[in-house]
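Shown next: protein29.cif, containing mmCIF, C-alpha atoms.
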data_start
#
loop_
_atom_site.label_atom_id
_atom_site.label_comp_id
_atom_site.auth_asym_id
_atom_site.auth_seq_id
_atom_site.Cartn_x
_atom_site.Cartn_y
_atom_site.Cartn_z
CA MET A 25 119.09 199.87 111.39
CA SER A 26 120.86 198.09 108.62
CA LEU A 27 120.57 194.36 108.47
CA ALA A 28 122.65 192.21 106.16
CA ASP A 29 122.19 192.02 102.42
CA GLY A 30 119.66 189.62 100.90
CA LEU A 31 122.16 186.82 100.19
CA GLU A 32 123.48 186.86 103.75
CA LEU A 33 119.91 186.75 105.07
CA LEU A 34 119.10 183.77 102.85
CA ASN A 35 122.07 181.95 104.41
CA LEU A 36 120.24 182.16 107.76
CA ILE A 37 117.56 179.71 106.60
CA GLY A 38 117.56 176.65 108.86
CA ARG A 39 119.77 178.26 111.52
CA GLN A 40 118.77 178.96 115.13
CA VAL A 41 118.58 182.73 115.72
CA GLU A 42 117.42 185.23 118.28
CA VAL A 43 115.65 188.24 116.77
CA HIS A 44 115.51 191.42 118.88
CA LEU A 45 112.47 193.68 118.43
CA VAL A 46 111.78 197.39 118.85
CA ASN A 47 109.56 196.71 121.87
CA GLU A 48 112.68 195.37 123.64
CA THR A 49 111.62 191.72 123.48
CA SER A 50 113.16 188.94 121.46
CA VAL A 51 112.01 185.82 119.66
CA THR A 52 114.09 182.68 119.25
CA GLY A 53 113.62 179.99 116.63
CA ARG A 54 114.87 178.44 113.43
CA VAL A 55 114.68 180.65 110.36
CA TYR A 56 112.05 179.15 108.09
CA THR A 57 112.51 181.89 105.50
CA VAL A 58 113.58 185.51 105.08
CA ASP A 59 112.37 187.81 102.33
CA PRO A 60 115.59 189.14 100.74
CA GLU A 61 113.87 192.37 99.65
CA THR A 62 111.71 193.31 102.66
CA HIS A 63 113.86 191.48 105.26
CA ASN A 64 110.74 190.06 106.95
CA PHE A 65 111.55 186.92 108.96
CA ILE A 66 109.49 183.78 109.54
CA LEU A 67 110.78 181.73 112.49
CA GLN A 68 109.70 178.31 113.69
CA ASP A 69 110.14 176.42 116.90
CA SER A 70 108.74 173.04 117.86
CA THR A 71 105.22 174.39 118.41
CA SER A 72 104.73 177.60 116.45
CA THR A 73 105.51 179.72 113.41
CA THR A 74 106.14 183.44 113.91
CA PHE A 75 106.12 186.22 111.31
CA LEU A 76 108.40 189.15 112.18
CA PRO A 77 108.12 192.27 110.02
CA PHE A 78 111.41 194.05 109.33
CA SER A 79 110.05 197.31 110.73
CA ASN A 80 110.01 195.72 114.21
CA ILE A 81 113.46 194.11 114.08
CA THR A 82 116.43 195.89 115.63
CA LYS A 83 119.00 193.11 115.18
CA TYR A 84 119.44 189.35 115.04
CA THR A 85 121.98 186.97 116.55
CA VAL A 86 122.86 183.56 115.11
CA LEU A 87 122.75 181.07 118.00
CA SER A 88 123.83 177.99 116.04
CA ASP A 89 125.57 177.50 112.71
CA HIS A 90 123.97 174.05 112.45
CA VAL A 91 121.49 174.08 109.58
CA THR A 92 118.29 172.09 109.97
CA THR A 93 116.88 171.08 106.60
CA HIS A 94 113.70 169.49 107.95
CA VAL A 95 111.19 172.12 108.98
CA THR A 96 107.81 171.21 110.38
CA ASN A 97 104.77 172.66 108.66
CA HIS A 98 102.37 173.44 111.48
CA VAL A 99 100.77 176.61 110.15
CA THR A 100 97.10 176.63 111.02
CA LYS A 101 94.17 178.93 110.36
CA VAL A 102 94.81 182.39 111.82
CA THR A 103 91.92 184.03 113.66
CA LEU A 104 91.30 187.70 114.44
CA ALA A 105 92.20 186.95 118.06
CA ASP A 106 95.55 185.52 116.86
CA LEU A 107 96.25 188.71 114.90
CA ARG A 108 95.43 190.86 117.93
CA GLU A 109 97.77 188.75 120.07
CA ILE A 110 100.56 189.20 117.51
CA ASP A 111 99.88 192.94 117.45
CA GLU A 112 100.04 193.17 121.25
CA LYS A 113 103.18 191.06 121.46
CA TYR A 114 105.36 192.40 118.65
CA PHE A 115 104.24 195.90 117.70
CA PRO A 116 105.20 198.96 119.72
CA SER A 117 102.50 199.92 122.19
CA THR A 118 102.82 203.62 121.28
CA VAL A 119 100.74 202.99 118.18
CA ARG A 120 97.74 201.88 120.20
CA HIS A 121 97.92 204.63 122.84
CA ILE A 122 97.79 207.79 120.74
CA SER A 123 94.53 209.65 121.12
CA LYS A 124 92.62 210.45 117.95
CA GLU A 125 93.21 214.16 118.54
CA ASN A 126 96.97 213.75 118.99
CA CYS A 127 97.10 211.43 115.99
CA GLU A 128 95.48 214.11 113.82
CA LYS A 129 97.90 216.79 115.12
CA LEU A 130 100.88 214.53 114.40
CA LYS A 131 99.59 213.80 110.91
CA VAL A 132 99.25 217.52 110.12
CA ARG A 133 102.76 218.21 111.45
CA LEU A 134 104.16 215.29 109.45
CA VAL A 135 102.60 216.57 106.23
CA GLU A 136 104.01 220.06 106.90
CA HIS A 137 107.46 218.61 107.66
CA LEU A 138 107.52 216.58 104.45
CA GLN A 139 106.23 219.49 102.36
CA LYS A 140 108.97 221.67 103.85
CA HIS A 141 111.40 219.13 102.37
CA ARG A 142 109.53 219.33 99.03
CA VAL A 143 108.32 215.73 99.25
CA PRO A 144 104.93 214.95 97.65
CA VAL A 145 102.37 213.82 100.23
CA GLU A 146 98.91 212.30 99.86
CA LEU A 147 96.42 211.54 102.65
CA ARG A 148 94.70 208.16 102.47
CA GLY A 149 91.97 207.35 104.95
CA GLU A 150 91.89 208.79 108.45
CA GLU A 151 95.43 207.87 109.49
CA GLU A 152 97.59 206.85 106.53
CA VAL A 153 99.95 209.27 104.81
CA VAL A 154 101.41 208.22 101.44
CA VAL A 155 104.77 209.80 100.75
CA ALA A 156 106.30 210.12 97.29
CA GLY A 157 103.62 207.74 96.03
CA VAL A 158 105.33 204.63 97.43
CA VAL A 159 105.91 204.99 101.19
CA ARG A 160 103.03 204.49 103.64
CA CYS A 161 103.27 206.10 107.10
CA ARG A 162 100.94 205.33 109.98
CA PRO A 163 100.76 206.50 113.58
CA PRO A 164 102.94 207.32 115.46
CA TYR A 165 104.43 208.76 112.25
CA ASP A 166 108.07 208.12 113.09
CA ARG A 167 110.72 206.57 110.88
CA ASN A 168 109.86 203.08 112.17
CA SER A 169 106.19 203.37 111.19
CA CYS A 170 106.85 203.76 107.45
CA PHE A 171 106.57 200.88 105.01
CA SER A 172 107.41 200.43 101.35
CA THR A 173 108.58 197.84 98.87
CA ASN A 174 110.98 200.46 97.46
CA ASP A 175 113.90 200.36 99.91
CA ILE A 176 115.73 203.30 98.33
CA VAL A 177 112.83 205.73 98.66
CA LEU A 178 111.94 204.31 102.10
CA GLY A 179 115.49 204.98 103.32
CA ARG A 180 115.40 208.56 102.07
CA ILE A 181 112.04 209.24 103.70
CA GLN A 182 113.23 207.65 106.96
CA ASN A 183 116.25 209.98 106.90
CA ILE A 184 113.94 213.00 106.55
CA LEU A 185 111.76 211.66 109.39
CA ALA A 186 114.82 211.34 111.63
CA THR A 187 114.52 215.12 112.08
CA PHE A 188 110.75 214.98 112.75
CA ASP A 189 109.86 215.37 116.43
CA VAL A 190 106.89 213.11 117.25
CA SER A 191 106.54 214.38 120.83
#

Would you put the structure from the file into structure tokens?
Amino acid sequence: MSLADGLELLNLIGRQVEVHLVNETSVTGRVYTVDPETHNFILQDSTSTTFLPFSNITKYTVLSDHVTTHVTNHVTKVTLADLREIDEKYFPSTVRHISKENCEKLKVRLVEHLQKHRVPVELRGEEEVVVAGVVRCRPPYDRNSCFSTNDIVLGRIQNILATFDVS
């Protein structure tokens, strides 16, 4: 997926949008801010503030061109239960339903696939695979489960993973 460039995303601040997610749900609210490099969104409505990581966003739709300059600050302390609720609501369920055995098999196949493409790979912890020193991949080891602050390398690794069969 290719969202807009950073400047276009910054022009969304204060506008009402609907953000569509990979788990086929959507979130509606006013754009509080967008990170022009990572494309992570923070939306607000009258009662809550929602963080939406770019890796879970499939597209966005501007619902109103009216810009609201007054944004309520109602961020409160986040508990572990809140984080679990966010995880359940916005992250693909496939990540939580892979058995440890299948996760290990996928990780081994991923490493082999990347090495076949002559990409340096490093294992970190039980699940994380670090690719080219800057891209982190986690289960289910598909192109949407890779994260990096280097968009160029991330895009190249995601293109290689497009040919990786996770089934």

Within 12 Å of (96.0, 213.5, 113.5), in the coordinates the file gives, what residues turn up when you count only C-alpha atoms, written out as JSON, numbers by chain?
{"A": [122, 123, 124, 125, 126, 127, 128, 129, 130, 131, 132, 133, 134, 135, 147, 149, 150, 151, 152, 153, 162, 163, 164, 165, 190]}

Expand the PyMOL selection byres ((chain A and resi 65) around 8) into the individual residues it matches in the shown file, reporting them as a CSV table (one decimal) with C-alpha atoms, in the frame of the given file.
chain,number,residue,atom,x,y,z
A,55,VAL,CA,114.7,180.6,110.4
A,56,TYR,CA,112.0,179.2,108.1
A,57,THR,CA,112.5,181.9,105.5
A,58,VAL,CA,113.6,185.5,105.1
A,59,ASP,CA,112.4,187.8,102.3
A,63,HIS,CA,113.9,191.5,105.3
A,64,ASN,CA,110.7,190.1,107.0
A,66,ILE,CA,109.5,183.8,109.5
A,67,LEU,CA,110.8,181.7,112.5
A,75,PHE,CA,106.1,186.2,111.3
A,76,LEU,CA,108.4,189.2,112.2
A,77,PRO,CA,108.1,192.3,110.0
A,78,PHE,CA,111.4,194.0,109.3

Could you list as a PyMOL selection string every residue that has an atom within 7 Å of (103.3, 210.0, 97.9), using the file's coordinates and counting all atoms listed in the file?
chain A and resi 144-146+154-159

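Between atom CA of Ala186 of chain A and atom CA of Arg167 of chain A the interatomic distance comes to 6.3 Å.
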
Gap from atom CA of Leu31 of chain A to atom CA of Asn47 of chain A - Å, one decimal:
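Between atom CA of Leu31 of chain A and atom CA of Asn47 of chain A the gap works out to 27.0 Å.
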
Can you list what the PyMOL selection byres ((chain A and resi 69) around 8) grabs from this structure, as a list in words?
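Checking the PyMOL selection byres ((chain A and resi 69) around 8) against this file, the residues are Thr52, Gly53, Arg54, Leu67, Gln68, Ser70, Thr71, Ser72 and Thr73 of chain A.
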
In Å, with one decimal, what is the gap from atom CA of Lys140 of chain A to atom CA of Asp189 of chain A?
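The value is 14.1 Å.
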
Nearest to Thr92 of chain A among A:Val143, A:Val46, A:Ala105, A:Leu36, with distances taken over only C-alpha atoms: which residue is it?
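That would be A:Leu36, the residue with the smallest distance to Thr92 of chain A.
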
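Proximity ranking of A:Arg142, A:Arg39, A:Lys83, A:His137 relative to Leu185 of chain A places A:His137 first, based on only C-alpha atoms.
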
Determine the nearest neighbour of Cys170 of chain A from the options A:Tyr84, A:Leu33, A:Ser79, A:His90, counting all atoms listed in the file.
A:Ser79

List the residues selected by the PyMOL selection byres ((chain A and resi 182) around 12) in the file shown, writing them as a PyMOL selection string.
chain A and resi 25+79+138+155+159-161+165-172+175-181+183-188
